[in-house]
Amino acid sequence: MESLLDFVEENNFNVLRIPLAVDNILNNPTPGSINFAETADLQGLNYFQVLDVLVEKAAARGLLIMFDMHRLDSAVWPDDGLWYNWYTPEQHLIDAWQIVVQRYCGTWNVIATDLYIEPHGSSWGLDIDDTDWDAAATRIGGSSLETCPRLLIVIEGIDSSPGAIGQVSEVNSFWGENLQGVRERPVALPINRIIYS
């Protein structure tokens, strides 16, 4: 961890994007994939204790943190592109963000939450209850802002299917790339808190 953070600082990066998984947040396991020969101070620490060390060491170097909900289940990738599935309902994602936001709201260098990576398979503004990412981002981001109003909420786009309101024709988009729907249906959160990505 030290050498990687040193590299980031020495190369003039200023923000780290830290991927998280809903199951890890809700279960707070002891990580098993750390090379303790390189990072002995992390031995025996649980998931959040490791994150605490990372956030603290980043702060000591003046580095900012953006947490990114990268997976629902740390052992499953890729998924179907939605922010929920049959065993991880949307409420679990909201609960996970609440845990993270409550823990780090008072930490100066934690500045943003990327609500969910690349929600491909989602729609935008089509009023499809179970796949409209803009509506879900409003719920998930709104919950986080109620707890920590200072945070920036990063909202990724969808892909090309099933599409977005205002989309003239089918567009080939990578996962998370299509933000066409924002024109007609922006996420209903304070504009000074949103970063579309």
# chains A, B, ... in the order shown; residues from 1 in each chain; ligands from 1

$ closest_atom_pairs --of "region 21-83 of chain A" --to "region 102-109 of chain A" --cutoff "7 Å" --atoms "only C-alpha atoms" --output "tab-separated table"
residue	atom	partner	partner_atom	distance
A:Ala59	CA	A:Asn109	CA	6.0
A:Leu63	CA	A:Asn109	CA	6.8
A:Leu64	CA	A:Asn109	CA	4.6
A:Ile65	CA	A:Asn109	CA	5.8

$ residues_around --residues "region 116-129 of chain A" --least-positions-apart "2" --cutoff "7 Å" --atoms "only C-alpha atoms" --output "VMD selection string"
chain A and resid 68 to 70 80 to 83 114 131 to 134 156 to 159 161 to 165 175 to 176 181 185

$ residues_around --residues "Val50 (chain A)" --least-positions-apart "6" --cutoff "9 Å" --atoms "only C-alpha atoms" --output "list in words"
Thr30, Pro31 and Leu42 of chain A

$ atom_distance --atom1 "CA of Val55 (chain A)" --atom2 "CA of Val187 (chain A)"
28.8 Å

$ closest_atom_pairs --of "region 81-174 of chain A" --to "region 9-15 of chain A" --cutoff "12 Å" --atoms "only C-alpha atoms" --output "CSV"
residue,atom,partner,partner_atom,distance
A:Asn109,CA,A:Val15,CA,9.0
A:Val110,CA,A:Val15,CA,9.4
A:Ile111,CA,A:Val15,CA,9.2
A:Ala112,CA,A:Val15,CA,10.0

$ write_last_selection --atoms "N, CA and C atoms" --output "PDB file, in the first residue's frame"
ATOM      1  N   ASN A 109     -10.798  13.909   3.238  1.00  0.00           N
ATOM      2  CA  ASN A 109     -10.342  13.543   1.898  1.00  0.00           C
ATOM      3  C   ASN A 109     -11.279  12.588   1.161  1.00  0.00           C
ATOM      4  N   VAL A 110     -12.353  12.125   1.810  1.00  0.00           N
ATOM      5  CA  VAL A 110     -13.372  11.333   1.109  1.00  0.00           C
ATOM      6  C   VAL A 110     -14.371  12.323   0.530  1.00  0.00           C
ATOM      7  N   ILE A 111     -14.364  12.434  -0.812  1.00  0.00           N
ATOM      8  CA  ILE A 111     -15.134  13.506  -1.439  1.00  0.00           C
ATOM      9  C   ILE A 111     -16.307  13.049  -2.300  1.00  0.00           C
ATOM     10  N   ALA A 112     -16.324  11.764  -2.714  1.00  0.00           N
ATOM     11  CA  ALA A 112     -17.346  11.364  -3.683  1.00  0.00           C
ATOM     12  C   ALA A 112     -17.685   9.885  -3.574  1.00  0.00           C
TER      13      ALA A 112
END

$ select_by_dssp --residues "region 5-149 of chain A" --states "strand (DSSP E)" --output "ChimeraX atom specification"
/A:15-21,64-71,110-114,123-124

$ write_last_selection --atoms "N, CA and C atoms" --output "PDB file, in the first residue's frame"
ATOM      1  N   VAL A  15      -6.558  12.105  -6.887  1.00  0.00           N
ATOM      2  CA  VAL A  15      -7.755  11.391  -6.429  1.00  0.00           C
ATOM      3  C   VAL A  15      -7.584   9.901  -6.691  1.00  0.00           C
ATOM      4  N   LEU A  16      -7.911   9.103  -5.700  1.00  0.00           N
ATOM      5  CA  LEU A  16      -7.943   7.649  -5.854  1.00  0.00           C
ATOM      6  C   LEU A  16      -9.392   7.203  -5.976  1.00  0.00           C
ATOM      7  N   ARG A  17      -9.653   6.319  -6.919  1.00  0.00           N
ATOM      8  CA  ARG A  17     -10.975   5.703  -7.053  1.00  0.00           C
ATOM      9  C   ARG A  17     -10.865   4.314  -6.442  1.00  0.00           C
ATOM     10  N   ILE A  18     -11.597   4.077  -5.369  1.00  0.00           N
ATOM     11  CA  ILE A  18     -11.481   2.843  -4.605  1.00  0.00           C
ATOM     12  C   ILE A  18     -12.716   1.982  -4.836  1.00  0.00           C
ATOM     13  N   PRO A  19     -12.549   0.822  -5.488  1.00  0.00           N
ATOM     14  CA  PRO A  19     -13.699  -0.045  -5.755  1.00  0.00           C
ATOM     15  C   PRO A  19     -14.153  -0.790  -4.494  1.00  0.00           C
ATOM     16  N   LEU A  20     -15.462  -0.864  -4.330  1.00  0.00           N
ATOM     17  CA  LEU A  20     -16.081  -1.555  -3.200  1.00  0.00           C
ATOM     18  C   LEU A  20     -17.040  -2.622  -3.715  1.00  0.00           C
ATOM     19  N   ALA A  21     -17.456  -3.508  -2.826  1.00  0.00           N
ATOM     20  CA  ALA A  21     -18.482  -4.503  -3.141  1.00  0.00           C
ATOM     21  C   ALA A  21     -19.518  -4.498  -2.026  1.00  0.00           C
ATOM     22  N   LEU A  64      -7.135  12.638  -2.389  1.00  0.00           N
ATOM     23  CA  LEU A  64      -8.576  12.548  -2.188  1.00  0.00           C
ATOM     24  C   LEU A  64      -9.057  11.146  -2.547  1.00  0.00           C
ATOM     25  N   ILE A  65     -10.236  10.776  -2.023  1.00  0.00           N
ATOM     26  CA  ILE A  65     -10.803   9.449  -2.232  1.00  0.00           C
ATOM     27  C   ILE A  65     -12.201   9.572  -2.838  1.00  0.00           C
ATOM     28  N   MET A  66     -12.440   8.777  -3.891  1.00  0.00           N
ATOM     29  CA  MET A  66     -13.784   8.569  -4.412  1.00  0.00           C
ATOM     30  C   MET A  66     -14.057   7.076  -4.300  1.00  0.00           C
ATOM     31  N   PHE A  67     -15.066   6.714  -3.512  1.00  0.00           N
ATOM     32  CA  PHE A  67     -15.459   5.319  -3.428  1.00  0.00           C
ATOM     33  C   PHE A  67     -16.366   4.982  -4.606  1.00  0.00           C
ATOM     34  N   ASP A  68     -16.213   3.781  -5.128  1.00  0.00           N
ATOM     35  CA  ASP A  68     -16.928   3.331  -6.319  1.00  0.00           C
ATOM     36  C   ASP A  68     -17.549   1.970  -6.015  1.00  0.00           C
ATOM     37  N   MET A  69     -18.900   1.891  -6.093  1.00  0.00           N
ATOM     38  CA  MET A  69     -19.543   0.594  -5.885  1.00  0.00           C
ATOM     39  C   MET A  69     -19.356  -0.210  -7.158  1.00  0.00           C
ATOM     40  N   HIS A  70     -18.413  -1.122  -7.088  1.00  0.00           N
ATOM     41  CA  HIS A  70     -17.926  -1.818  -8.274  1.00  0.00           C
ATOM     42  C   HIS A  70     -18.641  -3.142  -8.532  1.00  0.00           C
ATOM     43  N   ARG A  71     -19.139  -3.737  -7.475  1.00  0.00           N
ATOM     44  CA  ARG A  71     -19.823  -5.025  -7.599  1.00  0.00           C
ATOM     45  C   ARG A  71     -20.877  -5.165  -6.508  1.00  0.00           C
ATOM     46  N   VAL A 110     -12.353  12.125   1.810  1.00  0.00           N
ATOM     47  CA  VAL A 110     -13.372  11.333   1.109  1.00  0.00           C
ATOM     48  C   VAL A 110     -14.371  12.323   0.530  1.00  0.00           C
ATOM     49  N   ILE A 111     -14.364  12.434  -0.812  1.00  0.00           N
ATOM     50  CA  ILE A 111     -15.134  13.506  -1.439  1.00  0.00           C
ATOM     51  C   ILE A 111     -16.307  13.049  -2.300  1.00  0.00           C
ATOM     52  N   ALA A 112     -16.324  11.764  -2.714  1.00  0.00           N
ATOM     53  CA  ALA A 112     -17.346  11.364  -3.683  1.00  0.00           C
ATOM     54  C   ALA A 112     -17.685   9.885  -3.574  1.00  0.00           C
ATOM     55  N   THR A 113     -18.897   9.573  -4.045  1.00  0.00           N
ATOM     56  CA  THR A 113     -19.354   8.198  -4.168  1.00  0.00           C
ATOM     57  C   THR A 113     -19.844   7.984  -5.592  1.00  0.00           C
ATOM     58  N   ASP A 114     -19.261   7.009  -6.271  1.00  0.00           N
ATOM     59  CA  ASP A 114     -19.740   6.598  -7.595  1.00  0.00           C
ATOM     60  C   ASP A 114     -20.768   5.503  -7.317  1.00  0.00           C
ATOM     61  N   SER A 123     -32.194   1.250 -18.167  1.00  0.00           N
ATOM     62  CA  SER A 123     -32.819   2.258 -19.026  1.00  0.00           C
ATOM     63  C   SER A 123     -32.669   3.610 -18.345  1.00  0.00           C
ATOM     64  N   TRP A 124     -33.037   4.658 -19.050  1.00  0.00           N
ATOM     65  CA  TRP A 124     -32.949   6.016 -18.490  1.00  0.00           C
ATOM     66  C   TRP A 124     -34.191   6.794 -18.907  1.00  0.00           C
TER      67      TRP A 124
END

$ atom_distance --atom1 "CA of Ser74 (chain A)" --atom2 "CA of Leu115 (chain A)"
15.8 Å

$ closest_residue --among "A:Val100, A:Arg61, A:Ile194, A:Leu5" --to "Tyr47 (chain A)" --atoms "only C-alpha atoms"
A:Val100

$ residues_around --residues "Leu72 (chain A)" --least-positions-apart "5" --cutoff "10 Å" --atoms "only C-alpha atoms" --output "list in words"
Leu20, Ala21, Val22, Asp23, Asn24, Ile25, Trp77, Asp79, Leu82, Trp83, Tyr84, Asn85, Tyr87, Thr88, Pro89, Glu90, His92, Leu93, Ala96 and Tyr116 of chain A

$ select_by_dssp --residues "chain A" --states "alpha helix (DSSP H)" --output "number ranges by chain"
A: 2-10, 22-27, 47-60, 90-104, 133-147

$ atom_distance --atom1 "CA of Leu179 (chain A)" --atom2 "CA of Ile155 (chain A)"
9.4 Å

$ closest_residue --among "A:Phe7, A:Trp97, A:Trp86, A:Phe48" --to "Ser143 (chain A)" --atoms "only C-alpha atoms"
A:Trp97
